[in-house]
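J.: Input data-v6.cif, format and content: mmCIF, C-alpha atoms.
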data_query
loop_
_atom_site.label_atom_id
_atom_site.label_comp_id
_atom_site.auth_asym_id
_atom_site.auth_seq_id
_atom_site.Cartn_x
_atom_site.Cartn_y
_atom_site.Cartn_z
CA MET T 261 30.75 22.32 -17.76
CA PHE T 262 30.57 18.67 -16.72
CA ASP T 263 28.07 19.44 -13.92
CA PHE T 264 25.87 21.25 -16.42
CA LEU T 265 25.86 18.21 -18.73
CA LYS T 266 25.10 15.87 -15.83
CA LYS T 267 22.07 17.97 -14.88
CA LEU T 268 20.81 17.98 -18.47
CA SER T 269 21.02 14.21 -18.67
CA GLY T 270 19.34 13.71 -15.29
CA GLY T 271 22.54 12.52 -13.67
CA SER T 272 22.33 14.97 -10.80
CA ARG T 273 19.41 16.22 -8.70
CA GLU T 274 19.08 19.24 -6.51
CA SER T 275 19.21 18.44 -2.80
CA GLY T 276 15.96 16.93 -1.56
CA GLU T 277 14.69 16.25 -5.08
CA GLN T 278 13.77 12.60 -5.68
CA ALA T 279 12.78 10.55 -8.72
CA ALA T 280 9.05 10.56 -9.40
CA GLU T 281 6.94 7.56 -8.44
CA PRO T 282 4.33 6.20 -10.83
CA ALA T 283 0.74 7.33 -10.38
CA THR T 284 -1.69 4.92 -8.74
CA GLN T 285 -5.43 4.95 -9.36
CA TYR T 286 -7.74 4.45 -6.38
CA LYS T 287 -11.46 4.80 -6.95
CA ASP T 288 -11.73 8.01 -9.04
CA TYR T 289 -8.55 9.52 -7.56
CA THR T 290 -4.96 9.58 -8.78
CA ILE T 291 -2.26 9.28 -6.12
CA VAL T 292 1.36 10.18 -6.89
CA PRO T 293 3.65 9.32 -3.96
CA ALA T 294 6.45 11.84 -3.41
CA PRO T 295 8.59 10.66 -0.48
CA ARG T 296 11.67 12.67 0.40
CA GLU T 297 14.66 11.52 2.39
CA GLU T 298 15.15 13.60 5.53
CA SER T 299 16.96 12.98 8.77
CA GLY T 300 15.05 10.28 10.56
CA GLY T 301 13.81 8.50 7.43
CA TRP T 302 11.56 9.01 4.43
CA THR T 303 8.56 11.32 4.48
CA THR T 304 4.93 10.41 3.82
CA GLU T 305 3.89 12.77 1.01
CA ALA T 306 1.84 12.59 -2.16
CA THR T 307 -0.35 14.51 -4.53
CA ILE T 308 -3.97 13.39 -4.79
CA THR T 309 -5.98 14.57 -7.79
CA ARG T 310 -9.48 14.02 -9.15
CA VAL T 311 -11.48 15.55 -11.99
CA ILE T 312 -14.76 16.95 -10.64
CA ASP T 313 -17.21 18.60 -13.05
CA GLY T 314 -14.48 18.96 -15.65
CA GLN T 315 -12.02 20.64 -13.27
CA THR T 316 -8.91 18.95 -11.91
CA ARG T 317 -8.76 19.28 -8.14
CA THR T 318 -5.47 18.71 -6.31
CA HIS T 319 -4.60 18.04 -2.68
CA ARG T 320 -1.03 18.02 -1.36
CA PHE T 321 -0.96 15.14 1.14
CA ILE T 322 1.66 15.41 3.91
CA ARG T 323 1.79 13.43 7.15
CA ALA T 324 4.30 13.31 9.98
CA ASP T 325 4.84 9.54 9.61
CA ARG T 326 8.29 8.35 8.56
CA ALA T 327 9.52 5.14 6.98
CA GLY T 328 12.97 3.59 7.03
CA SER T 329 13.20 3.09 3.26
CA ARG T 330 11.89 4.71 0.09
CA ASP T 331 9.84 1.63 -0.80
CA GLY T 332 8.41 1.57 2.71
CA ALA T 333 7.51 5.24 2.44
CA VAL T 334 5.71 4.69 -0.88
CA GLU T 335 3.70 1.81 0.59
CA LEU T 336 2.89 3.78 3.76
CA THR T 337 1.90 6.83 1.71
CA LEU T 338 -0.41 4.84 -0.55
CA ASN T 339 -2.10 3.19 2.44
CA LYS T 340 -2.58 6.54 4.23
CA CYS T 341 -3.92 8.20 1.06
CA ARG T 342 -6.43 5.39 0.48
CA GLN T 343 -7.56 5.60 4.10
CA THR T 344 -7.98 9.39 3.84
CA ILE T 345 -9.94 9.08 0.59
CA ASP T 346 -12.21 6.47 2.19
CA GLN T 347 -12.81 8.69 5.22
CA LEU T 348 -13.09 12.13 3.58
CA GLY T 349 -13.81 11.62 -0.10
CA ASP T 350 -13.99 14.91 -1.99
CA ARG T 351 -13.81 16.90 1.26
CA ILE T 352 -10.01 16.62 1.03
CA PHE T 353 -10.21 19.38 -1.58
CA ASN T 354 -11.96 21.88 0.73
#
Let me see the structure of the file written as structure tokens.
T.:
Amino acid sequence: MFDFLKKLSGGSRESGEQAAEPATQYKDYTIVPAPREESGGWTTEATITRVIDGQTRTHRFIRADRAGSRDGAVELTLNKCRQTIDQLGDRIFN
């Protein structure tokens, strides 16, 4: 019963599940970093979204890069997402 109450109050997460990071706006895109702790460090993952012609488009951004800390992974992820947006623009949704 105690475990059930902990889960309801947010006191326990399933394995691999991490707290959400705040969304960051870059140009007309919204980036939500979603690093996960795995062996060897923190992953470089995010969701990139943009509204195009009234429709929300979403791209799941995943790279092989790793960081040693959660904060480092968030910073690395944001930098990589910005670079990808600059290089590809809306083509990331194709």
J.: Give me, please, the distance in Å between atom CA of T:Gly332 and atom CA of T:Glu298, quoted to one decimal.
T.: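 Straight-line distance from atom CA of T:Gly332 to atom CA of T:Glu298 works out to 14.1 Å.
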J.: For T:Ile291, which of T:Ile352, T:Cys341, T:Ile312, T:Val334 is the closest residue, counting only C-alpha atoms?
T.: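 Nearest to T:Ile291: T:Cys341.
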J.: Which residue gives the smallest distance to T:Asp350 among T:Asp288, T:Ala324, T:Pro293, T:Trp302, with only C-alpha atoms counted?
T.: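 Selected residue with least distance to T:Asp350: T:Asp288.
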J.: Would you write out, as a VMD selection string, every residue that the PyMOL selection byres ((chain T and resi 301) around 10) captures in this file?
T.: chain T and resid 295 to 300 302 to 304 325 to 330 332 to 333
J.: For a quick check of understanding, using all atoms listed in the file, which of T:Ala306, T:Glu281, T:Val311, T:Phe353 has the smallest distance to T:Asn339?
T.: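 Closest residue, counting all atoms listed in the file: T:Ala306.
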J.: Place N, CA and C atoms on stretch 279-307 of chain T and deliver the coordinates as an mmCIF file, keeping the file's coordinate frame.
T.:
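Okay, part_23.cif is ready:
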data_model
loop_
_atom_site.group_PDB
_atom_site.id
_atom_site.type_symbol
_atom_site.label_atom_id
_atom_site.label_comp_id
_atom_site.auth_asym_id
_atom_site.auth_seq_id
_atom_site.Cartn_x
_atom_site.Cartn_y
_atom_site.Cartn_z
ATOM 1 N N ALA T 279 13.408 11.034 -7.493
ATOM 2 C CA ALA T 279 12.780 10.550 -8.720
ATOM 3 C C ALA T 279 11.278 10.379 -8.487
ATOM 4 N N ALA T 280 10.499 10.649 -9.514
ATOM 5 C CA ALA T 280 9.050 10.560 -9.400
ATOM 6 C C ALA T 280 8.602 9.106 -9.314
ATOM 7 N N GLU T 281 7.562 8.878 -8.543
ATOM 8 C CA GLU T 281 6.940 7.560 -8.440
ATOM 9 C C GLU T 281 5.798 7.498 -9.448
ATOM 10 N N PRO T 282 5.452 6.304 -9.904
ATOM 11 C CA PRO T 282 4.330 6.200 -10.830
ATOM 12 C C PRO T 282 3.005 6.511 -10.140
ATOM 13 N N ALA T 283 2.070 7.026 -10.904
ATOM 14 C CA ALA T 283 0.740 7.330 -10.380
ATOM 15 C C ALA T 283 -0.014 6.031 -10.132
ATOM 16 N N THR T 284 -0.843 6.052 -9.090
ATOM 17 C CA THR T 284 -1.690 4.920 -8.740
ATOM 18 C C THR T 284 -3.133 5.382 -8.720
ATOM 19 N N GLN T 285 -4.012 4.629 -9.367
ATOM 20 C CA GLN T 285 -5.430 4.950 -9.360
ATOM 21 C C GLN T 285 -6.101 4.275 -8.168
ATOM 22 N N TYR T 286 -6.935 5.009 -7.473
ATOM 23 C CA TYR T 286 -7.740 4.450 -6.380
ATOM 24 C C TYR T 286 -9.102 5.112 -6.454
ATOM 25 N N LYS T 287 -10.111 4.287 -6.689
ATOM 26 C CA LYS T 287 -11.460 4.800 -6.950
ATOM 27 C C LYS T 287 -11.350 5.794 -8.098
ATOM 28 N N ASP T 288 -11.838 7.005 -7.971
ATOM 29 C CA ASP T 288 -11.730 8.010 -9.040
ATOM 30 C C ASP T 288 -10.585 8.981 -8.802
ATOM 31 N N TYR T 289 -9.649 8.635 -7.946
ATOM 32 C CA TYR T 289 -8.550 9.520 -7.560
ATOM 33 C C TYR T 289 -7.234 9.001 -8.129
ATOM 34 N N THR T 290 -6.323 9.927 -8.359
ATOM 35 C CA THR T 290 -4.960 9.580 -8.780
ATOM 36 C C THR T 290 -4.024 9.986 -7.650
ATOM 37 N N ILE T 291 -3.213 9.044 -7.202
ATOM 38 C CA ILE T 291 -2.260 9.280 -6.120
ATOM 39 C C ILE T 291 -0.855 9.172 -6.706
ATOM 40 N N VAL T 292 -0.043 10.205 -6.461
ATOM 41 C CA VAL T 292 1.360 10.180 -6.890
ATOM 42 C C VAL T 292 2.222 10.338 -5.644
ATOM 43 N N PRO T 293 2.782 9.231 -5.139
ATOM 44 C CA PRO T 293 3.650 9.320 -3.960
ATOM 45 C C PRO T 293 4.875 10.189 -4.255
ATOM 46 N N ALA T 294 5.288 10.964 -3.248
ATOM 47 C CA ALA T 294 6.450 11.840 -3.410
ATOM 48 C C ALA T 294 7.293 11.856 -2.139
ATOM 49 N N PRO T 295 7.779 10.686 -1.704
ATOM 50 C CA PRO T 295 8.590 10.660 -0.480
ATOM 51 C C PRO T 295 9.909 11.385 -0.673
ATOM 52 N N ARG T 296 10.371 12.004 0.405
ATOM 53 C CA ARG T 296 11.670 12.670 0.400
ATOM 54 C C ARG T 296 12.481 12.117 1.558
ATOM 55 N N GLU T 297 13.784 11.983 1.330
ATOM 56 C CA GLU T 297 14.660 11.520 2.390
ATOM 57 C C GLU T 297 15.048 12.705 3.258
ATOM 58 N N GLU T 298 14.784 12.597 4.538
ATOM 59 C CA GLU T 298 15.150 13.600 5.530
ATOM 60 C C GLU T 298 15.780 12.882 6.705
ATOM 61 N N SER T 299 16.392 13.632 7.591
ATOM 62 C CA SER T 299 16.960 12.980 8.770
ATOM 63 C C SER T 299 15.827 12.271 9.503
ATOM 64 N N GLY T 300 16.075 11.052 9.874
ATOM 65 C CA GLY T 300 15.050 10.280 10.560
ATOM 66 C C GLY T 300 14.226 9.403 9.642
ATOM 67 N N GLY T 301 14.506 9.402 8.345
ATOM 68 C CA GLY T 301 13.810 8.500 7.430
ATOM 69 C C GLY T 301 13.205 9.198 6.243
ATOM 70 N N TRP T 302 12.236 8.531 5.639
ATOM 71 C CA TRP T 302 11.560 9.010 4.430
ATOM 72 C C TRP T 302 10.199 9.552 4.797
ATOM 73 N N THR T 303 9.826 10.659 4.176
ATOM 74 C CA THR T 303 8.560 11.320 4.480
ATOM 75 C C THR T 303 7.372 10.607 3.838
ATOM 76 N N THR T 304 6.188 10.925 4.354
ATOM 77 C CA THR T 304 4.930 10.410 3.820
ATOM 78 C C THR T 304 4.244 11.564 3.115
ATOM 79 N N GLU T 305 4.428 11.657 1.797
ATOM 80 C CA GLU T 305 3.890 12.770 1.010
ATOM 81 C C GLU T 305 3.402 12.264 -0.333
ATOM 82 N N ALA T 306 2.380 12.940 -0.853
ATOM 83 C CA ALA T 306 1.840 12.590 -2.160
ATOM 84 C C ALA T 306 0.999 13.746 -2.687
ATOM 85 N N THR T 307 0.630 13.626 -3.938
ATOM 86 C CA THR T 307 -0.350 14.510 -4.530
ATOM 87 C C THR T 307 -1.552 13.648 -4.898
#
